[in-house]
Structure formats: C-alpha cells, structure tokens
Amino acid sequence: MIALADKITKSFGGRALYSAATLQLNAGERWALVGPNGAGKTTLLRIVMGLEPADEGTVSFAKDTTIGYLEQETRIEGAKTALQEVVDSAVEVKNVERRVREYEHRISHTAPGEELDSLLERYGHAQDRFERLGGYELESRARAILGGLGFPIEDFDKPAADFSGGWQMRIALSKLLLRHPDLLLLDEPTNHLDLESVRWFEQFVAGYDGAVLLVSHDRSFMDACVSHVAALENKRLMTYVGNYSGYLKQREDNLTQLRAKREAQERDIQHMEVFIERFRYKPTKAKQVQERVKKLEKVKEELVVLPEQSHHVHFRFPDPPRTGDTVVDVAGVAKSFGDNCVYGDVNLTLYRGDHVALVGPNGAGKSTLMKLINGRLTPDSGSITLGQNVSVSYYAQHQLEQLNPSNTVLSEMDEVAPGWTSSDERRLLGAFLFHGDDVDKRVQVLSGGEKARLALAKMLVAPDPLLCLDEPTNHLDIDSVDVLETALVDFPGTIVLISHDEHLVRALANKVVDVRDHKVTLYDGDYDYYLYKRAELEARAAEESVATPQTKIATPVPSDDDSQTSGRNVKTREQRRAEADERNRRNKALKKTRDRLRQVEAALEPAHRRHDELVTMMADENLYNDSEKFNKCLSEYNALEKKIPSLEQEWLELSEKIEEGADE
C-alpha cells in the first residue's frame with residue numbers, strides 16, 4: 001500500500017460531493033478518476049495531496065512515500081534553461097549527490113583509522129543509493145523525457161520562463177517524471193501534448209512502477225495505460241478493475257442488473273399494495289394484510305436507487321451554407337519566422353465534406369498551417385484561396401478570453417443567435433450541458449470547461465462551412481467531448497482539426513495531414529490508415545538502415561580447422577540470429593498488413609451497401625421534392641464515390657504485399 005484515502009466526505013456550500021469515499025493505491029496500479037464536471041475529481045486529488053482538507057475521513061501514506069502532483073495550470077519563473085529546470089527538480093538525487101561529494105572531501109582529509117573506515121562505509125552506502133536513483137544518468141534521462149514530450153533538442157537550453165503556458169506545463173510534467181515519485185497525481189496531463197507525445201506518455205505511464213492517480217477526458221489514453229478506474233457517481237466512489245472501456249462495460253452490466261432488480265421490486269410493491277388495498281377491511285385476511293404491510297415496508301427500505309444518468313439532449317445544429325466542391329486551395333505556400341523555415345512549397349486542396357486532422361510533432365507547424373488557412377497568418381510566398389461561398393470559423397484557446405465576463409450564459413448566446421427564441425437557445429445550451437439555472441450564471445464565474453463549451457456552442461449556432469478547431473477538447477470532460485464529437489461527426493461542411501484526443505481524431509477524420517520535417521503530406525484515409533502508412537515508412541527506413549554495408553554481417557573466413565565443415569555451408573550463430581531477427585521483423589510487418597487488410601475489408605462492405613442504397617434512393621423522383629434530404633443524400637453519395645476507390649486501391653496494395661511477403 002502506497003496511499004489510502006479512507007471514508008472521505010466533502011461538501012461545498014451545503015452541496016455534498018461524496019461521502020465515505022475510500023480508495024487504496026498500490027505500487028504498479030494506475031488509476032483513472034472519472035466523473036461528470038462538478039463531481040469533485042480535482043478536489044479529491046487535492047485532498048490526497050494535502051492541499052485541501054476533507055470534511056471527514058483520513059489520508060495516510062506508507063513510510064517515506066514521495067508524491068508528485070501536476071495541476072492544470074502552472075507558471076515557471078527564473079533564468080534556468082528547460083533542461084536545467086528539469087534536472088534540478090530531482091531534489092532527492094541532488095541531496096544524495098551532495099552527500100557523496102562531502103564524503104569524498106572528508107575522506108581525502110582524514111588519516112587512516114576508525115573514522116576513515118566509518119566514512120568509507122557511509123560513502124559506499126551513499127554512492128549505492130545515488131546509482132539506484134539513476135544519478136549518473138540524470139541528465140540523459142531528463143533529455144529523453146523532454147524529447148518524448150515533444151521538445152526539440154535546440155530548445156533544451158532555452159530559458160524555461162520564455163516558453164508559453166502549454167510548454168511550461170510540459171516542463172512541469174517532465175520534472176515530475178524525472179523525480180519518479182512513489183505516487184503520481186495528474187490532473188488532465190495530456191491537455192498540452194500533441195498526439196505523438198501522448199503516445200510516448202502512454203507508454204511511460206503504462207510501465208510506471210509506482211502508483212498513479214489521474215484525471216483525464218482522453219478515452220484512448222486511459223484505455224492504453226490505466227489498470228483501474230475510480231468513478232465518482234451519485235455522491236459515491238465506485239472502483240473497477242480494468243481500463244476505461246472495461247469500466248464502461250462493467251458499469252452498464254451493473255446498471256442492467258440494478259434495473260432488473262428495481263423492476264422486480266416495483267412489481268412486488270404493486271402486487272402487495274393491490275392485496276393490502278383489496279383486503280384491508282376483511283377480518284379473515286387481517287393476518288395476511290399485516291404480513292404484506294411489514295414486507296412492503298422492508299422492500300421499500302431496500303429499494304434499489306438507480307444512479308442518475310448523464311443529460312443527453314439531442315439537438316440538430318443548422319447546416320452551414322452550401323459551398324463549391326473546392327473549399328481551400330493551398331498552392332506553393334512557404335512560411336518562415338525569422339531564420340526558422342517552417343515549410344516551403346506546400347500544396348494542398350481540401351474539398352467540401354473533408355474532415356481533416358492535422359498531426360505531427362509539436363513545433364512542426366500544425367497551428368501555423370491552420371492559421372494560414374483561416375487567414376490569421378499570411379504566407380511568405382504562394383497563395384491560399386477559399387472556394388465559392390466559403391467563410392471560416394476559428395476556435396482556439398483565446399476564444400475563451402473573448403467571452404464577455406459580465407454576460408450571463410444566455411445573454412452571451414443572444415449576441416450570436418438573433419431571431420432565436422429563448423426556448424431554442426436553452427435547447428442548444430442543453431446540448432452543451434448547460435441545464436436549468438446554469439444558463440443564468442455569469443461568464444466570469446464559469447470554469448474553464450464551461451467557458452470552452454459556451455464558446456463552442458456559440459460557434460455552432462450558425463456554423464460557417466469551414467471550421468478550424470485547435471485543441472477544442474482542452475478543459476472538457478468526457479460528456480462534453482461526446483457532445484462535441486456528435487456535433488462534428490454529423491457536420492456536413494469541412495473541418496480542420498488539431499487535437500491530442502485520439503478517440504476524437506479516430507471518430508472524425510476522413511483525411512490526415514502530417515506536418516513534420518518542413519513538409520506537409522496528405523494521407524487520403526482515416527487515422528488508422530495514416531498510422532499504417534507511417535509504420536510502413538518507418539519499417540522501410542529501418543530495413544534500409546539494416547541493409548547498409550556498415551551493418552551487414554560479414555561472412556567469416558574459415559580457418560584450417562573449419563575446412564572440413566566449410567563445404568557444408570555451416571552458418572555461424574550470429575548469422576542464424578540475424579536471419580531469425582529478419583524473419584521476425586517480416587512476420588511482424590505482415591501482421592500489421594493483415595490487420596489493416598481486415599479493417600479495410602470491414603469498411604468496404606458497408607460502404608458498398610450504403611452506396612447501392614443511395615443509388616436506389618436517388619432514382620426515386622420523390623426524393624427531389626425534399627431539397628434538404630436530397631442534398632444530404634448527394635453529399636453522402638459524393639463522399640462514398642471518393643472513399644470506395646481509395647479503399648479498393650488500398651485493398652489491392654495490401655493483398656499484393658501479403659502475397660509478396662508469403663513468397664519470400
């Protein structure tokens with residue numbers, strides 16, 4: 001046991017968050033703390049950390065437990081470089097190193113005798129501890145962590161105070177990971193990471209040998225690295241074994257059982273009440289009536305209380321104005337900032353209905369490309385042309401600052417929804433989880449997540465045909481991300497998205513643009529297709545590096561003693577191992593190819609089926625009388641006309657690769 005939060009009760013302003021919440025954290029366990037906004041997730045982290053008191057209950061730790069806590073916001077001051085800031089955070093290692101140096105100094109000035117023997121023994125213990133804590137690799141570990149979290153090598157020596165807030169959060173996270181505390185408390189750790197950094201961080205957390213308790217809205221991240229889930233539901237803390245998807249299944253199974261039990265109890269209550277009412281005044285049935293009354297009271301005492309369900313309001317967002325087929329044309333664009341060339345000669349065309357994810361390492365130019373597309377930046381050369389009838393909406397973190405603090409939520413909506421009734425506005429706000437009196441809150445008292453939801457709702461009141469969204473899920477909880485995902489997946493216009501949320505990217509993107517190494521590459525397929533093609537490129541690069549003359553295994557020249565066996569072409573152990581490694585590599589590459597082939601086949605069948613359905617529908621003259629339905633069918637038909645040939649071409653390529661691999 002590393003930490004135990006025992007029977008924690010907490011209230012705010014008379015509103016109970018939870019009562020008797022108990023959670024034990026053990027070494028090697030990685031817990032996700034989930035629950036709706038306002039359930040008290042961050043509060044529980046702060047109680048465990050000792051930054052906030054519980055109304056009742058205790059928090060205890062194993063002896064000498066070290067704790068690290070990453071808050072949602074942080075600020076670094078001073079003149080230290082990013083690397084030095086991270087290295088210097090390893091206080092325990094630095095203290096042990098200081099003791100080692102002190103012992104070395106004293107040993108060099110101490111004459112032989114008992115005192116020297118005692119110093120040498122203590123010096124040996126201190127040096128062993130320094131080695132166990134990784135003291136000799138401290139700087140190299142710090143560099144590896146900074147690199148894994150997306151820092152380019154040239155930024156290691158840049159002053160930490162000069163970085164933006166998002167990069168400072170990465171430095172704060174790097175400091176925690178280098179310290180490697182026994183208990184790691186993380187509040188939305190992926191908010192300021194890109195997809196590649198999130199994947200690196202997943203692996204780090206999945207292999208962490210201490211205890212981890214984290215709050216996150218990123219379902220793919222939690223699926224990849226957590227082993228337990230603690231859910232704040234109906235003012236109680238419920239615990240589950242498994243990742244986030246496992247928790248959802250267990251929770252639904254439990255809920256199904258609870259509903260069945262509740263229905264059985266209600267049937268029993270109804271039958272007993274009918275019996276009691278019917279025979280209440282018959283002396284011959286008095287005994288049975290009294291038995292039923294007692295049993296009825298007992299059943300009512302034990303009546304199952306079903307957990308409150310999240311509010312899910314379905315709202316159809318208005319369609320944007322229809323545009324021409326070409327929405328954005330980027331031709332020969334180059335962009336630099338001073339001596340830093342972001343990229344040159346970018347050529348890219350986006351069409352109506354494209355939902356494009358911009359991916360790549362941080363600092364490669366994803367946000368720059370988005371700002372060039374939406375006109376916030378001007379290219380150094382080349383041109384960016386918007387298509388016919390195309391207007392742009394842009395969402396980034398600064399949108400939250402543009403909300404009027406003195407407005408209520410409802411009056412903020414009034415400004416962008418002329419002609420809407422109060423009822424219409426409330427329905428829209430309900431879709432973004434503002435219910436009841438929430439709409440009368442002032443903007444200035446809203447949380448970061450509430451402000452983000454309000455800004456997104458304002459954008460979708462009358463959406464432009466081109467939406468540019470830079471990390472729209474930051475500060476949102478899982479229910480809010482679900483609302484946004486539903487709105488965007490059904491959006492018939494064009495979307496350009498930057499997000500670290502892999503679940504959202506998988507659900508939304510039908511094209512991926514990779515920005516890295518001063519180049520912009522379009523992958524005409526979903527996120528899984530992009531990952532497959534990237535893995536293929538990396539495998540090819542690795543194969544080419546293995547095939548270079550420097551790394552080829554030389555065939556040994558047989559000595560006289562080997563002359564009898566050399567004629568039989570006996571292979572050395574190194575050759576056999578190299579061949580086995582090559583077979584394993586080929587089999588691994590083929591497995592990925594077969595997996596992708598199955599995915600493509602699974603996508604092709606429903607795509608063909610839906611295509612045929614649409615052809616039949618469009619042959620019906622009645623369809624043309626309903627312009628909205630016709631436009632929707634036509635849009636879907638055009639999208640499938642592009643998707644099916646792309647999938648079929650990929651199917652052919654994959655099939656050929658599998659055949660070639662089998663022949664080798």
# chains A, B, ... in the order shown; residues from 1 in each chain; ligands from 1

$ select_by_dssp --residues "region 5-164 of chain A" --states "strand (DSSP E or B)" --output "ChimeraX atom specification"
/A:5-12,15-25,30-34,56-61,67-70,81,159

$ write_last_selection --atoms "C-alpha atoms" --output "compact mmCIF listing (two decimals), in the first residue's frame"
# COMPACT_ATOMS: atom_id res chain seq x y z
CA ALA A 5 -7.92 7.70 1.28
CA ASP A 6 -10.31 6.33 3.90
CA LYS A 7 -14.00 7.30 4.20
CA ILE A 8 -13.52 10.77 2.69
CA THR A 9 -16.53 13.10 2.86
CA LYS A 10 -16.52 16.51 1.19
CA SER A 11 -19.14 19.23 0.65
CA PHE A 12 -19.14 22.67 -0.95
CA ARG A 15 -23.78 20.51 -1.61
CA ALA A 16 -22.33 17.08 -0.91
CA LEU A 17 -19.70 15.96 -3.42
CA TYR A 18 -19.19 12.49 -1.93
CA SER A 19 -19.42 10.68 1.37
CA ALA A 20 -17.36 7.80 2.80
CA ALA A 21 -15.22 7.60 -0.36
CA THR A 22 -12.43 5.06 0.07
CA LEU A 23 -9.55 4.42 -2.34
CA GLN A 24 -6.37 2.40 -1.81
CA LEU A 25 -3.45 2.97 -4.18
CA ARG A 30 -2.60 3.14 -12.50
CA TRP A 31 -5.97 4.64 -11.60
CA ALA A 32 -8.22 6.88 -13.70
CA LEU A 33 -10.51 9.11 -11.64
CA VAL A 34 -13.64 9.80 -13.71
CA GLU A 56 -14.45 13.69 7.30
CA GLY A 57 -12.03 10.82 6.76
CA THR A 58 -8.26 10.48 6.58
CA VAL A 59 -5.47 10.13 4.04
CA SER A 60 -2.44 8.02 5.04
CA PHE A 61 0.77 7.00 3.26
CA ILE A 67 4.34 12.35 -4.00
CA GLY A 68 4.23 14.34 -7.23
CA TYR A 69 1.25 16.46 -8.30
CA LEU A 70 0.60 18.01 -11.71
CA THR A 81 17.02 26.61 -19.02
CA PRO A 159 15.10 29.72 -20.69

$ closest_residue --among "A:Leu640, A:Leu604, A:Leu303, A:Ala286" --to "Ile269 (chain A)" --atoms "only C-alpha atoms"
A:Leu303

$ residues_around --residues "Met222 (chain A)" --least-positions-apart "5" --cutoff "9 Å" --atoms "only C-alpha atoms" --output "list in words"
Trp31, Ala32, Glu202, Ser216, His217, Ser227, Asn243, Tyr244 and Ser245 of chain A

$ atom_distance --atom1 "CA of Asp528 (chain A)" --atom2 "CA of Asp354 (chain A)"
16.3 Å

$ select_by_dssp --residues "region 215-346 of chain A" --states "alpha helix (DSSP H)" --output "PyMOL selection string"
chain A and resi 219-225+244-279+286-301

$ residues_around --residues "Val333 (chain A)" --least-positions-apart "3" --cutoff "9 Å" --atoms "only C-alpha atoms" --output "list in words"
Val330, Tyr343, Gly344, Asp345, Val346, Asn347, Pro379, Asp380, Ser381, Gly382, Ser383 and Ile384 of chain A

$ atom_distance --atom1 "CA of His355 (chain A)" --atom2 "CA of Glu605 (chain A)"
21.7 Å
